[in-house]
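What follows is the content of start07.tsv, which has TSV, C-alpha atoms and all ligand atoms:
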chain	number	residue	atom	x	y	z
A	1	MET	CA	-5.57	-12.60	-2.52
A	2	VAL	CA	-5.48	-8.82	-2.62
A	3	GLU	CA	-8.83	-7.51	-3.84
A	4	GLY	CA	-8.99	-4.54	-6.20
A	5	PHE	CA	-9.37	-1.02	-4.86
A	6	SER	CA	-8.69	2.62	-5.66
A	7	PHE	CA	-6.96	5.05	-3.33
A	8	ASN	CA	-6.72	8.84	-3.15
A	9	ASN	CA	-3.30	9.86	-1.94
A	10	PRO	CA	-3.03	12.78	0.47
A	11	GLY	CA	-0.88	15.80	-0.42
A	12	LYS	CA	2.66	16.52	0.73
A	13	LEU	CA	3.24	16.05	4.47
A	14	ILE	CA	5.76	18.01	6.55
A	15	PHE	CA	5.88	16.40	9.99
A	16	GLY	CA	7.92	17.10	13.12
A	17	GLU	CA	8.52	19.40	16.05
A	18	GLY	CA	9.22	22.92	14.77
A	19	SER	CA	7.89	22.16	11.28
A	20	VAL	CA	5.51	25.14	11.53
A	21	GLY	CA	8.66	27.24	10.95
A	22	SER	CA	8.59	26.11	7.31
A	23	LEU	CA	5.31	27.94	6.64
A	24	PRO	CA	6.69	31.30	5.45
A	25	ASP	CA	8.53	29.47	2.65
A	26	LEU	CA	5.51	27.51	1.45
A	27	THR	CA	3.38	30.34	0.09
A	28	ASP	CA	3.69	33.92	-1.11
A	29	PRO	CA	2.61	35.97	1.96
A	30	ASP	CA	1.35	38.83	-0.26
A	31	SER	CA	-1.25	36.65	-1.93
A	32	ALA	CA	-2.08	34.13	0.82
A	33	LEU	CA	-5.08	34.14	3.15
A	34	LEU	CA	-4.44	32.93	6.70
A	35	VAL	CA	-7.49	31.42	8.39
A	36	CYS	CA	-6.87	30.67	12.05
A	37	GLY	CA	-8.37	30.35	15.50
A	38	GLN	CA	-7.69	32.59	18.48
A	39	SER	CA	-5.38	30.00	20.10
A	40	PHE	CA	-2.88	30.28	17.27
A	41	LEU	CA	-2.89	34.08	17.28
A	42	SER	CA	-2.02	34.06	20.98
A	43	ASN	CA	0.84	31.63	20.35
A	44	GLN	CA	4.33	33.20	20.23
A	45	LYS	CA	5.15	31.22	17.10
A	46	SER	CA	2.36	32.90	15.17
A	47	ARG	CA	4.15	36.24	15.01
A	48	LEU	CA	6.68	35.02	12.45
A	49	LEU	CA	3.84	34.32	10.10
A	50	THR	CA	1.19	36.92	10.92
A	51	GLU	CA	3.64	39.79	10.52
A	52	LYS	CA	4.17	38.86	6.89
A	53	ILE	CA	0.69	37.83	5.78
A	54	LYS	CA	-1.63	40.41	4.29
A	55	PHE	CA	-5.01	38.69	4.59
A	56	ILE	CA	-5.93	37.19	7.96
A	57	LYS	CA	-9.34	35.90	9.09
A	58	LYS	CA	-9.87	34.81	12.66
A	59	VAL	CA	-12.69	32.28	13.00
A	60	SER	CA	-14.31	30.25	15.77
A	61	GLY	CA	-16.80	27.40	15.89
A	62	GLU	CA	-17.97	25.13	13.12
A	63	PRO	CA	-18.24	26.90	9.76
A	64	SER	CA	-21.70	27.91	8.59
A	65	PRO	CA	-22.48	28.60	4.91
A	66	ASP	CA	-22.77	32.29	5.77
A	67	LEU	CA	-19.27	32.41	7.27
A	68	VAL	CA	-17.73	30.66	4.25
A	69	ASP	CA	-19.57	32.93	1.79
A	70	SER	CA	-18.62	36.08	3.69
A	71	ILE	CA	-14.88	35.27	3.84
A	72	THR	CA	-14.94	34.18	0.20
A	73	ASN	CA	-16.58	37.46	-0.90
A	74	ASP	CA	-13.90	39.44	0.95
A	75	VAL	CA	-10.87	37.72	-0.60
A	76	LYS	CA	-11.98	36.30	-3.97
A	77	GLY	CA	-9.69	37.48	-6.74
A	78	LYS	CA	-7.14	38.87	-4.26
A	79	ILE	CA	-5.52	35.65	-3.03
A	80	LYS	CA	-3.75	32.71	-4.66
A	81	SER	CA	-3.49	30.29	-1.73
A	82	VAL	CA	-4.95	29.58	1.72
A	83	ILE	CA	-3.19	28.62	4.94
A	84	ALA	CA	-5.50	27.23	7.64
A	85	ILE	CA	-4.13	26.81	11.16
A	86	GLY	CA	-6.35	25.47	13.93
A	87	GLY	CA	-8.73	22.68	14.89
A	88	GLY	CA	-10.86	20.73	12.44
A	89	SER	CA	-13.43	23.51	12.08
A	90	VAL	CA	-10.78	26.07	11.14
A	91	LEU	CA	-9.24	23.69	8.59
A	92	ASP	CA	-12.69	23.02	7.12
A	93	THR	CA	-13.35	26.76	6.88
A	94	GLY	CA	-10.05	27.23	5.00
A	95	LYS	CA	-10.79	24.26	2.76
A	96	ALA	CA	-14.24	25.54	1.83
A	97	VAL	CA	-12.98	29.10	1.20
A	98	ALA	CA	-10.12	27.80	-1.00
A	99	ALA	CA	-12.66	25.91	-3.09
A	100	MET	CA	-15.29	28.65	-3.22
A	101	CYS	CA	-12.69	31.22	-4.39
A	102	CYS	CA	-12.71	29.23	-7.65
A	103	THR	CA	-16.46	28.46	-7.72
A	104	GLU	CA	-19.59	30.48	-8.46
A	105	GLY	CA	-22.41	31.11	-5.97
A	106	SER	CA	-22.95	30.18	-2.34
A	107	VAL	CA	-21.28	27.12	-0.80
A	108	GLU	CA	-24.74	25.86	0.20
A	109	LYS	CA	-25.48	25.13	-3.45
A	110	TYR	CA	-22.74	22.46	-3.49
A	111	LEU	CA	-23.31	20.73	-0.13
A	112	GLU	CA	-24.15	17.03	-0.26
A	113	GLY	CA	-27.82	16.44	0.48
A	114	VAL	CA	-28.55	20.18	0.61
A	115	GLY	CA	-27.63	21.82	-2.70
A	116	THR	CA	-28.44	20.83	-6.24
A	117	ALA	CA	-25.04	21.29	-7.89
A	118	LEU	CA	-21.94	19.12	-7.89
A	119	PRO	CA	-18.72	20.87	-6.80
A	120	PRO	CA	-16.66	21.47	-9.95
A	121	GLY	CA	-13.45	20.62	-8.08
A	122	GLU	CA	-11.34	23.69	-8.79
A	123	THR	CA	-9.62	25.06	-5.71
A	124	LEU	CA	-6.76	27.26	-4.57
A	125	PRO	CA	-3.86	25.34	-2.99
A	126	LEU	CA	-4.46	24.83	0.73
A	127	VAL	CA	-1.80	24.42	3.43
A	128	ALA	CA	-3.49	22.74	6.42
A	129	VAL	CA	-1.85	23.04	9.84
A	130	PRO	CA	-3.82	21.22	12.56
A	131	THR	CA	-3.53	22.25	16.22
A	132	THR	CA	-5.73	19.45	17.56
A	133	ALA	CA	-5.46	15.72	16.87
A	134	GLY	CA	-9.00	15.03	15.78
A	135	THR	CA	-10.87	15.26	12.50
A	136	GLY	CA	-7.93	14.49	10.21
A	137	SER	CA	-9.19	17.29	7.95
A	138	GLU	CA	-5.56	17.93	6.94
A	139	ALA	CA	-5.80	14.72	4.89
A	140	THR	CA	-9.46	14.62	3.80
A	141	LYS	CA	-11.29	15.72	0.67
A	142	ASN	CA	-14.31	17.22	2.47
A	143	ALA	CA	-15.16	20.28	4.53
A	144	VAL	CA	-18.00	19.89	7.01
A	145	ILE	CA	-20.37	22.87	6.99
A	146	SER	CA	-23.16	23.24	9.57
A	147	ARG	CA	-26.36	25.13	9.91
A	148	ARG	CA	-27.60	24.89	13.49
A	149	GLY	CA	-31.09	24.69	14.94
A	150	PRO	CA	-34.44	23.35	13.71
A	151	GLY	CA	-33.98	22.09	10.16
A	152	GLY	CA	-30.26	22.34	10.81
A	153	TYR	CA	-27.70	20.16	9.10
A	154	LYS	CA	-24.08	19.18	9.07
A	155	LYS	CA	-23.09	18.35	5.53
A	156	SER	CA	-19.98	18.04	3.41
A	157	LEU	CA	-18.53	20.00	0.55
A	158	ARG	CA	-16.60	17.20	-1.08
A	159	HIS	CA	-14.33	16.63	-4.07
A	160	ASP	CA	-11.16	14.57	-4.55
A	161	ASN	CA	-9.30	17.80	-5.46
A	162	TYR	CA	-10.08	19.37	-2.07
A	163	ILE	CA	-7.44	17.29	-0.27
A	164	PRO	CA	-4.99	19.91	1.11
A	165	ALA	CA	-1.94	20.37	-1.11
A	166	ILE	CA	0.31	20.41	1.96
A	167	ALA	CA	-0.24	19.29	5.57
A	168	VAL	CA	2.15	20.63	8.20
A	169	ILE	CA	1.95	18.65	11.44
A	170	ASP	CA	3.93	20.16	14.28
A	171	PRO	CA	3.27	18.28	17.56
A	172	ASP	CA	4.44	21.37	19.51
A	173	LEU	CA	1.29	23.18	18.37
A	174	TYR	CA	-0.93	20.55	20.01
A	175	LEU	CA	0.59	20.83	23.48
A	176	SER	CA	-1.42	23.87	24.54
A	177	CYS	CA	-4.68	22.06	23.73
A	178	PRO	CA	-6.75	21.72	26.97
A	179	ALA	CA	-7.21	18.14	28.22
A	180	PRO	CA	-11.01	17.94	27.68
A	181	LEU	CA	-10.60	19.10	24.08
A	182	MET	CA	-7.71	16.68	23.56
A	183	ALA	CA	-9.96	13.91	24.90
A	184	SER	CA	-12.93	14.60	22.62
A	185	CYS	CA	-10.78	15.25	19.53
A	186	GLY	CA	-8.85	12.05	20.24
A	187	MET	CA	-12.07	10.04	20.50
A	188	ASP	CA	-13.10	11.44	17.11
A	189	ALA	CA	-9.81	10.36	15.51
A	190	PHE	CA	-9.97	6.94	17.18
A	191	SER	CA	-13.60	6.48	16.01
A	192	GLN	CA	-12.54	7.39	12.48
A	193	LEU	CA	-9.71	4.85	12.53
A	194	LEU	CA	-11.85	2.08	14.01
A	195	GLU	CA	-14.84	2.75	11.77
A	196	SER	CA	-12.74	2.85	8.61
A	197	TYR	CA	-10.84	-0.29	9.73
A	198	ILE	CA	-14.03	-2.35	10.05
A	199	SER	CA	-15.84	-0.53	7.20
A	200	THR	CA	-17.43	-2.56	4.43
A	201	LYS	CA	-15.36	-0.40	2.04
A	202	ALA	CA	-11.99	-1.10	3.70
A	203	ASN	CA	-9.14	-2.39	1.56
A	204	ILE	CA	-5.61	-3.66	2.18
A	205	TYR	CA	-4.18	-0.13	1.91
A	206	THR	CA	-6.61	1.50	4.35
A	207	ASP	CA	-6.33	-1.50	6.71
A	208	THR	CA	-2.55	-1.08	6.86
A	209	LEU	CA	-2.83	2.60	7.74
A	210	ALA	CA	-5.79	2.22	10.11
A	211	LEU	CA	-4.13	-0.59	12.04
A	212	LYS	CA	-0.99	1.51	12.51
A	213	GLY	CA	-3.07	4.48	13.68
A	214	LEU	CA	-5.11	2.33	16.08
A	215	ASN	CA	-1.93	0.83	17.51
A	216	LEU	CA	-0.45	4.30	18.06
A	217	PHE	CA	-3.62	5.22	19.96
A	218	ILE	CA	-3.56	2.05	22.05
A	219	GLU	CA	0.07	2.67	23.03
A	220	ASN	CA	-0.03	6.44	23.56
A	221	PHE	CA	-3.48	7.95	24.04
A	222	MET	CA	-3.80	7.57	27.80
A	223	ASN	CA	-0.24	8.86	28.33
A	224	LEU	CA	-1.49	12.28	27.27
A	225	PHE	CA	-3.70	12.36	30.36
A	226	TYR	CA	-1.77	10.36	32.95
A	227	SER	CA	1.71	11.86	32.67
A	228	GLU	CA	2.42	14.94	34.79
A	229	GLU	CA	4.64	16.58	32.20
A	230	LYS	CA	3.67	17.15	28.60
A	231	ASP	CA	4.45	13.90	26.79
A	232	THR	CA	5.74	15.15	23.45
A	233	ASP	CA	6.40	11.65	22.11
A	234	ALA	CA	2.82	10.58	22.82
A	235	MET	CA	1.53	13.84	21.30
A	236	GLY	CA	3.49	13.25	18.09
A	237	ALA	CA	2.15	9.69	17.87
A	238	ILE	CA	-1.47	10.81	18.33
A	239	ALA	CA	-1.02	13.73	15.92
A	240	PHE	CA	0.21	11.29	13.26
A	241	ALA	CA	-2.55	8.79	14.07
A	242	ALA	CA	-5.18	11.52	13.62
A	243	TYR	CA	-3.65	12.35	10.23
A	244	LEU	CA	-3.89	8.67	9.29
A	245	SER	CA	-7.56	8.68	10.35
A	246	GLY	CA	-8.20	11.39	7.75
A	247	ILE	CA	-6.64	9.26	5.01
A	248	THR	CA	-8.53	6.12	6.01
A	249	LEU	CA	-11.91	7.83	6.38
A	250	ALA	CA	-11.48	9.51	3.00
A	251	ASN	CA	-10.78	6.14	1.37
A	252	ALA	CA	-12.74	3.56	3.37
A	253	GLY	CA	-15.59	5.65	4.78
A	254	LEU	CA	-17.04	5.63	8.29
A	255	GLY	CA	-19.75	3.82	10.25
A	256	THR	CA	-22.78	4.29	12.48
A	257	VAL	CA	-20.97	6.42	15.09
A	258	HIS	CA	-20.46	9.13	12.49
A	259	GLY	CA	-23.83	8.30	10.93
A	260	ILE	CA	-25.46	9.44	14.19
A	261	ALA	CA	-22.94	12.12	15.23
A	262	GLY	CA	-23.58	14.09	12.01
A	263	PRO	CA	-27.31	14.77	12.59
A	264	ILE	CA	-26.73	15.38	16.32
A	265	GLY	CA	-24.19	18.10	15.45
A	266	GLY	CA	-26.65	19.74	13.06
A	267	LEU	CA	-29.47	19.82	15.61
A	268	TYR	CA	-27.67	20.45	18.92
A	269	PRO	CA	-24.51	22.22	20.09
A	270	VAL	CA	-22.67	18.97	20.79
A	271	PRO	CA	-18.97	19.13	19.82
A	272	HIS	CA	-18.29	16.54	17.13
A	273	GLY	CA	-15.60	14.68	19.12
A	274	THR	CA	-17.85	14.48	22.18
A	275	ALA	CA	-20.71	13.05	20.11
A	276	CYS	CA	-18.37	10.43	18.60
A	277	GLY	CA	-16.73	9.61	21.92
A	278	THR	CA	-19.98	9.17	23.79
A	279	LEU	CA	-21.51	6.96	21.07
A	280	LEU	CA	-18.48	4.83	20.20
A	281	PRO	CA	-18.58	2.17	22.96
A	282	ALA	CA	-22.35	1.58	22.62
A	283	VAL	CA	-22.27	1.38	18.82
A	284	MET	CA	-19.31	-1.01	18.86
A	285	ARG	CA	-20.88	-3.29	21.50
A	286	LYS	CA	-24.14	-3.51	19.56
A	287	THR	CA	-22.22	-4.10	16.32
A	288	VAL	CA	-20.38	-7.01	17.96
A	289	GLU	CA	-23.65	-8.44	19.35
A	290	GLU	CA	-25.35	-8.33	15.95
A	291	LEU	CA	-22.37	-9.70	14.01
A	292	GLU	CA	-22.02	-12.56	16.49
A	293	LYS	CA	-25.55	-13.66	15.59
A	294	GLN	CA	-24.29	-14.14	12.01
A	295	GLU	CA	-21.13	-15.94	13.12
A	296	GLU	CA	-22.60	-19.45	12.75
A	297	GLU	CA	-23.13	-18.98	9.01
A	298	ARG	CA	-20.03	-16.94	8.21
A	299	SER	CA	-17.14	-15.39	10.00
A	300	PRO	CA	-17.55	-11.60	9.78
A	301	ILE	CA	-14.21	-9.98	8.99
A	302	ALA	CA	-15.05	-7.04	11.30
A	303	LEU	CA	-15.08	-9.40	14.31
A	304	GLU	CA	-11.69	-10.83	13.34
A	305	LYS	CA	-10.36	-7.28	13.09
A	306	MET	CA	-11.72	-6.37	16.52
A	307	ASP	CA	-10.11	-9.54	17.94
A	308	ARG	CA	-6.80	-8.34	16.47
A	309	LEU	CA	-7.19	-5.02	18.30
A	310	GLY	CA	-7.88	-6.87	21.55
A	311	GLN	CA	-4.61	-8.74	20.95
A	312	LEU	CA	-2.75	-5.44	20.55
A	313	ILE	CA	-4.30	-4.01	23.71
A	314	GLY	CA	-3.25	-6.92	25.90
A	315	LYS	CA	-3.43	-10.34	24.32
A	316	GLY	CA	-7.22	-10.25	24.50
A	317	ASN	CA	-9.99	-10.27	21.93
A	318	ARG	CA	-12.99	-8.14	20.82
A	319	TYR	CA	-14.31	-8.03	24.42
A	320	LEU	CA	-11.09	-6.43	25.67
A	321	LEU	CA	-11.50	-3.79	22.97
A	322	LEU	CA	-15.06	-3.08	24.17
A	323	GLU	CA	-13.91	-2.91	27.82
A	324	THR	CA	-11.13	-0.51	26.86
A	325	LEU	CA	-13.58	1.81	25.09
A	326	ASP	CA	-15.78	1.85	28.22
A	327	GLN	CA	-12.73	2.65	30.36
A	328	TRP	CA	-11.64	5.49	28.09
A	329	LEU	CA	-15.13	6.99	28.20
A	330	GLU	CA	-15.04	6.96	31.98
A	331	THR	CA	-11.43	8.12	32.40
A	332	LEU	CA	-11.88	10.97	29.92
A	333	ASN	CA	-15.17	12.04	31.46
A	334	ILE	CA	-16.94	12.29	28.12
A	335	PRO	CA	-20.47	13.52	28.93
A	336	GLY	CA	-23.72	11.89	27.82
A	337	LEU	CA	-26.12	13.53	25.38
A	338	SER	CA	-28.47	14.87	28.07
A	339	SER	CA	-25.70	17.31	29.05
A	340	PHE	CA	-26.55	19.10	25.81
A	341	GLN	CA	-30.30	19.37	26.47
A	342	ILE	CA	-31.13	16.33	24.36
A	343	ARG	CA	-34.20	14.62	25.86
A	344	GLU	CA	-35.78	11.24	25.34
A	345	GLU	CA	-38.55	12.72	23.20
A	346	ASP	CA	-35.92	14.19	20.82
A	347	ILE	CA	-34.51	10.76	20.01
A	348	PRO	CA	-36.86	9.70	17.14
A	349	VAL	CA	-36.03	12.88	15.19
A	350	ILE	CA	-32.28	12.28	15.57
A	351	ALA	CA	-32.62	8.58	14.68
A	352	GLU	CA	-34.71	9.39	11.60
A	353	SER	CA	-31.94	11.45	10.04
A	354	SER	CA	-29.15	9.10	11.20
A	355	GLY	CA	-27.56	6.43	9.04
A	356	ASN	CA	-25.08	3.59	9.12
A	357	LYS	CA	-22.62	4.77	6.44
A	358	ASN	CA	-20.33	1.74	5.92
A	359	ASN	CA	-20.82	0.04	9.26
A	360	PRO	CA	-20.43	-3.77	9.03
A	361	TYR	CA	-23.93	-4.09	10.53
A	362	ALA	CA	-26.76	-1.82	9.39
A	363	PHE	CA	-28.92	-0.86	12.39
A	364	SER	CA	-32.63	-0.17	12.02
A	365	GLN	CA	-34.02	3.18	13.15
A	366	LYS	CA	-35.44	1.45	16.25
A	367	GLN	CA	-31.98	0.09	17.14
A	368	ILE	CA	-30.43	3.53	16.68
A	369	GLU	CA	-33.06	4.92	19.05
A	370	GLU	CA	-31.99	2.31	21.64
A	371	ILE	CA	-28.34	3.32	21.28
A	372	LEU	CA	-29.26	6.96	21.75
A	373	LYS	CA	-31.39	6.18	24.81
A	374	GLU	CA	-28.44	4.40	26.36
A	375	ARG	CA	-26.21	7.46	25.83
A	376	LEU	CA	-28.55	10.17	27.11
A	401	FE	FE	-15.15	12.66	12.84

So that I can check it, write out the structure of this file as structure tokens.
Amino acid sequence: MVEGFSFNNPGKLIFGEGSVGSLPDLTDPDSALLVCGQSFLSNQKSRLLTEKIKFIKKVSGEPSPDLVDSITNDVKGKIKSVIAIGGGSVLDTGKAVAAMCCTEGSVEKYLEGVGTALPPGETLPLVAVPTTAGTGSEATKNAVISRRGPGGYKKSLRHDNYIPAIAVIDPDLYLSCPAPLMASCGMDAFSQLLESYISTKANIYTDTLALKGLNLFIENFMNLFYSEEKDTDAMGAIAFAAYLSGITLANAGLGTVHGIAGPIGGLYPVPHGTACGTLLPAVMRKTVEELEKQEEERSPIALEKMDRLGQLIGKGNRYLLLETLDQWLETLNIPGLSSFQIREEDIPVIAESSGNKNNPYAFSQKQIEEILKERL
């Protein structure tokens, strides 16, 4: 029986090598704001676009409320659309600015768990062009905004209407991404697919998409690092899988990996993909251990799903999945948390603000502390 569910569709998708060439026809360059990272501006292909566009903002790092407010103040009333080209942080900056151009006050007022107001949902149309295969922001309804340091946070500006109107995915744009960045972004996208696949909020629609995305990762991810030449086929597959991860996370939610990675990113300068990558194997192993304790009374669906992934990897089961995650962590050289000056005495504070989101097993704060200790 198919159980009831609701599903937010993503916007229009233009996918394929060279598809970035369609950008000049998608918006009016006189009234569009281009938000981009340095890597795009140094790309030859950018000239076609930057020569025509009147408003350009170069950004770097995760967006803070101050950055979003400052760009919004500069362009409000002058632009009718936003094009964001870059990694997840650049896309989130563009998404927040597009929304705040139609909204009163500072973005901080509308952040979940920080502000007191609900986002009204009006936004300028956003064209999202990712250059890393990671957050899936090109398909999600939220922009992650961070304030770093003591009392820092990493929170979402979220509304169904904030899903980008158009996503342009051109695998050529991803090829200049350095391997360590590709590794951490990829681990983020894989975490998002796996967490939404086994989420307590998953449904038949998100399962179908997540399973396809996970399979694309299983078949292609390592090829990005092992092959001598740039593997454009593998890049296209991972770029599409990352897009799918955005759709599934927006509709099925995430789990404990992201429930811990969020607070870590607010308190310490740990890149989001690195935090997810380093936590993923430990969280999944502990989730399996805890769900297996319940297996005598019922058969947790999450374990069946993990067995299915083990089958896809190599006719194995959930344990092959766990082994594969350990191998990826080692092969990709994803660092532990102590590389970012996180010490054992910092763990209780991180665990206190962590959560389980929609993980199939809800860990206690003590258990989260143990996971963190393991990943120092
Ligand atoms: Fe993520």

| message | Neighbouring residues of range 214-225 of chain A were defined as those with any atom within 9 Å, considering all atoms listed in the file; residues of the same chain fewer than 6 positions away were excluded. Please report them as a PyMOL selection string. | response | chain A and resi 179+182-183+186+190+193-194+197+231-235+237-238+240-241+245+309+312-313+328+331-332

| task | Select the residues contacting ligand FE 401 (chain A) at a distance of at most 8 Å, based on all atoms listed in the file, then format the selection as a PyMOL selection string. | result | chain A and resi 134-136+188-189+191-192+258+272-273+276

| field | Ile169 in chain A environment, 7 Å, only C-alpha atoms, sequence neighbours closer than 2 positions dropped, as an MDAnalysis selection string | value | chainID A and resid 14:16 19 129:130 167 171

Excluding Thr287 in chain A and any residue of its chain fewer than 6 positions from it, enumerate the residues within 9 Å of it, using all atoms listed in the file, and give them as a PDB file with C-alpha atoms, keeping the file's coordinate frame.
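In the end it all went to result.pdb:
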ATOM      1  CA  ASN A 359     -20.820   0.040   9.260  1.00  0.00           C
ATOM      2  CA  PRO A 360     -20.430  -3.770   9.030  1.00  0.00           C
ATOM      3  CA  TYR A 361     -23.930  -4.090  10.530  1.00  0.00           C
ATOM      4  CA  ALA A 362     -26.760  -1.820   9.390  1.00  0.00           C
ATOM      5  CA  PHE A 363     -28.920  -0.860  12.390  1.00  0.00           C
TER       6      PHE A 363
END

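Separating CA of Lys155 in chain A from CA of Leu267 in chain A is a distance of 12.0 Å.
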